[in-house]
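Structure data follow from my_file_34.cif (mmCIF, C-alpha atoms):
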```cif
data_structure
#
loop_
_atom_site.label_atom_id
_atom_site.label_comp_id
_atom_site.auth_asym_id
_atom_site.auth_seq_id
_atom_site.Cartn_x
_atom_site.Cartn_y
_atom_site.Cartn_z
CA MET A 1 56.85 9.17 -19.44
CA SER A 2 57.43 10.96 -16.16
CA ARG A 3 60.12 13.55 -15.60
CA PRO A 4 62.37 13.73 -12.52
CA GLU A 5 60.59 16.86 -11.23
CA ASP A 6 57.24 14.98 -11.39
CA GLU A 7 58.64 12.29 -9.12
CA SER A 8 59.74 14.87 -6.56
CA ARG A 9 56.23 16.38 -6.50
CA THR A 10 54.75 12.92 -6.07
CA GLU A 11 57.25 12.15 -3.31
CA LEU A 12 56.39 15.41 -1.52
CA ALA A 13 52.65 14.67 -1.79
CA TRP A 14 53.13 11.20 -0.30
CA ARG A 15 55.34 12.56 2.47
CA GLU A 16 52.65 15.12 3.37
CA ILE A 17 49.99 12.41 3.46
CA VAL A 18 52.10 10.23 5.74
CA GLU A 19 52.90 13.14 8.09
CA ASN A 20 49.22 14.03 8.47
CA PHE A 21 48.08 10.46 8.91
CA GLY A 22 46.97 9.46 12.39
CA GLU A 23 44.32 10.19 14.95
CA ARG A 24 42.08 13.19 14.54
CA ALA A 25 43.05 16.32 16.37
CA VAL A 26 40.89 17.13 19.38
CA LEU A 27 39.71 20.71 19.44
CA ASP A 28 39.28 22.20 22.89
CA ASP A 29 37.16 25.23 22.08
CA PRO A 30 33.95 24.84 20.10
CA PRO A 31 33.65 27.43 17.33
CA SER A 32 31.71 30.53 18.25
CA SER A 33 28.37 31.24 16.61
CA SER A 34 29.96 33.68 14.15
CA GLU A 35 32.60 31.11 13.11
CA ALA A 36 30.21 28.13 12.98
CA PRO A 37 29.40 26.86 9.50
CA ALA A 38 25.89 27.49 8.28
CA THR A 39 23.62 24.49 8.71
CA THR A 40 20.88 23.65 6.32
CA SER A 41 17.38 22.66 7.32
CA ALA A 42 18.25 19.05 6.44
CA ASP A 43 21.05 19.01 9.06
CA THR A 44 18.96 20.44 11.89
CA PRO A 45 16.53 17.52 12.45
CA SER A 46 19.33 14.93 12.41
CA ASP A 47 21.29 16.78 15.07
CA ALA A 48 18.35 17.40 17.38
CA PRO A 49 17.67 13.83 18.66
CA SER A 50 21.33 13.01 19.34
CA SER A 51 21.99 16.34 21.07
CA GLN A 52 19.12 15.69 23.48
CA SER A 53 20.52 12.29 24.41
CA SER A 54 24.09 13.61 24.71
CA THR A 55 23.05 16.31 27.21
CA ASP A 56 21.95 13.59 29.64
CA LEU A 57 25.53 12.27 29.83
CA PRO A 58 28.40 13.70 31.88
CA GLU A 59 30.83 15.94 29.99
CA HIS A 60 33.59 13.31 29.69
CA LEU A 61 31.19 10.75 28.14
CA ARG A 62 29.59 13.00 25.52
CA ASP A 63 30.29 12.18 21.91
CA ASP A 64 30.97 15.32 19.93
CA ASP A 65 31.81 13.52 16.69
CA GLU A 66 29.55 15.17 14.11
CA VAL A 67 30.14 12.47 11.50
CA GLU A 68 29.11 9.69 13.86
CA ARG A 69 25.98 11.60 14.91
CA ARG A 70 25.00 12.03 11.26
CA GLU A 71 25.65 8.35 10.53
CA GLN A 72 23.46 7.36 13.48
CA ALA A 73 20.70 9.69 12.31
CA ILE A 74 20.89 8.30 8.78
CA ALA A 75 20.79 4.74 10.07
CA GLU A 76 17.76 5.57 12.19
CA ALA A 77 15.99 7.22 9.26
CA GLU A 78 16.78 4.39 6.87
CA ARG A 79 15.65 1.63 9.22
CA PHE A 80 13.06 -0.47 7.42
CA LYS A 81 9.61 -0.49 8.96
CA PRO A 82 7.41 -3.07 7.26
CA PRO A 83 3.76 -2.27 6.66
CA PRO A 84 1.22 -4.09 8.83
CA ALA A 85 0.43 -7.59 7.65
CA PRO A 86 -2.85 -8.03 5.81
CA PRO A 87 -5.52 -10.16 7.50
CA LEU A 88 -5.61 -13.85 6.71
CA PRO A 89 -7.75 -14.61 3.69
CA VAL A 90 -11.07 -16.30 4.28
CA PRO A 91 -12.27 -18.95 1.80
CA ARG A 92 -15.23 -17.92 -0.32
CA THR A 93 -17.27 -21.06 0.45
CA TRP A 94 -17.21 -23.69 3.17
CA GLU A 95 -16.29 -26.31 0.54
CA ARG A 96 -13.13 -24.42 -0.35
CA GLY A 97 -12.33 -24.02 3.35
CA LEU A 98 -12.70 -27.75 3.88
CA ALA A 99 -10.50 -28.44 0.83
CA TRP A 100 -7.77 -26.07 2.05
CA ALA A 101 -7.95 -27.64 5.52
CA GLY A 102 -7.42 -31.02 3.85
CA ILE A 103 -4.32 -29.69 2.12
CA PHE A 104 -2.74 -28.26 5.28
CA VAL A 105 -4.36 -29.87 8.35
CA ALA A 106 -4.51 -33.53 7.26
CA PRO A 107 -0.72 -33.89 6.74
CA VAL A 108 -0.03 -32.14 10.06
CA ILE A 109 -2.35 -34.52 11.89
CA ALA A 110 -0.74 -37.50 10.15
CA LEU A 111 2.73 -36.19 11.05
CA VAL A 112 1.82 -35.75 14.73
CA ILE A 113 0.30 -39.24 14.84
CA GLY A 114 3.44 -40.70 13.26
CA LEU A 115 5.94 -38.77 15.41
CA LEU A 116 4.18 -39.51 18.67
CA SER A 117 3.53 -43.15 17.70
CA ILE A 118 -0.14 -42.81 18.55
CA TYR A 119 -2.18 -45.83 17.59
CA VAL A 120 -5.23 -44.98 15.53
CA HIS A 121 -7.53 -47.20 13.58
CA PRO A 122 -6.26 -47.64 9.99
CA LEU A 123 -9.51 -46.14 8.78
CA VAL A 124 -8.47 -42.79 10.36
CA GLY A 125 -5.22 -42.83 8.40
CA TRP A 126 -7.05 -43.56 5.15
CA ALA A 127 -9.54 -40.81 5.98
CA LEU A 128 -6.67 -38.32 6.33
CA VAL A 129 -5.20 -39.44 2.99
CA GLY A 130 -8.63 -39.17 1.37
CA TRP A 131 -9.17 -35.71 2.87
CA PHE A 132 -5.82 -34.53 1.46
CA VAL A 133 -6.33 -36.03 -2.02
CA GLY A 134 -9.99 -34.98 -2.14
CA GLY A 135 -9.17 -31.39 -1.12
CA PHE A 136 -6.44 -31.16 -3.75
CA ALA A 137 -8.68 -32.61 -6.45
CA TYR A 138 -11.52 -30.22 -5.54
CA LEU A 139 -9.26 -27.16 -5.68
CA VAL A 140 -7.86 -28.22 -9.06
CA PHE A 141 -11.37 -28.90 -10.37
CA VAL A 142 -12.72 -25.46 -9.41
CA MET A 143 -9.73 -23.54 -10.78
CA PRO A 144 -10.69 -20.94 -13.38
CA LYS A 145 -10.29 -22.29 -16.88
CA ALA A 146 -9.72 -19.02 -18.74
CA PRO A 147 -8.06 -19.37 -22.14
CA ARG A 148 -4.45 -18.21 -22.13
CA ASP A 149 -2.88 -15.93 -24.65
CA PRO A 150 -0.19 -17.94 -26.48
CA TRP A 151 2.32 -15.13 -25.91
CA ASP A 152 1.55 -14.83 -22.19
CA ASP A 153 4.20 -16.46 -20.03
CA GLY A 154 2.23 -15.85 -16.82
CA SER A 155 4.23 -12.95 -15.44
CA ARG A 156 2.59 -9.76 -14.31
CA VAL A 157 4.10 -6.33 -13.79
#
```
Serialized structure, structure tokens:
Amino acid sequence: MSRPEDESRTELAWREIVENFGERAVLDDPPSSSEAPATTSADTPSDAPSSQSSTDLPEHLRDDDEVERREQAIAEAERFKPPPAPPLPVPRTWERGLAWAGIFVAPVIALVIGLLSIYVHPLVGWALVGWFVGGFAYLVFVMPKAPRDPWDDGSRV
């Protein structure tokens, strides 16, 4: 249970918060080197790139907000740079390459023929279907048939 004097302290704290709420105060004079807070080696690199770009601007356009400069430096440092993509895999044998082409190329050719309403001999259509089914069957046939551990669910870490 709160006491009346606790409520007055709370009221004073809230009143102080409300009085100090608003825009940040603009300081005219930068602190001298003796009054400046000590910077660590971690702060120095983040301030260097933004200070170089801010010196190119006129005085009235410079941004002296230290927090914003740090946030920009952090965002720049945390930007994701993906590793280079690996080269496309090459099939081990020409038979596997032909089978994979049947899986991917034959349906694309059939789709283009259908969308563009190109007339082809029905034998060409059946050849595309045979290429797709034959490629799939070949790849399934040459799959490794290693015995599985009954407790293995297929996941790898």
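Those residues that approach Phe141 in chain A to within 12 Å, counting only C-alpha atoms, are Arg96, Ala99, Gly134 and Gly135 of chain A; same-chain residues fewer than 6 positions away are not listed.
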Residues near Ile109 in chain A, anyone? I mean within 12 Å using all atoms listed in the file, not counting same-chain ones fewer than 4 positions away, as an MDAnalysis selection string.
chainID A and resid 101:105 113:118 120 124:125 127:129 131:132
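Across A:Glu95, A:Glu19, A:Asp28, A:Glu68, the tightest approach to Tyr138 in chain A is made by A:Glu95 when counting only C-alpha atoms.
Coordinates place CA of Val142 in chain A at a distance of 12.8 Å from CA of Gly97 in chain A.
Take CA of Pro83 in chain A and CA of Trp100 in chain A: the distance between them is 26.8 Å.
Restricting the calculation to only C-alpha atoms, the smallest distance between Leu98 in chain A and any of A:Leu12, A:Pro58, A:Asp149, A:Val133 is found for A:Val133.
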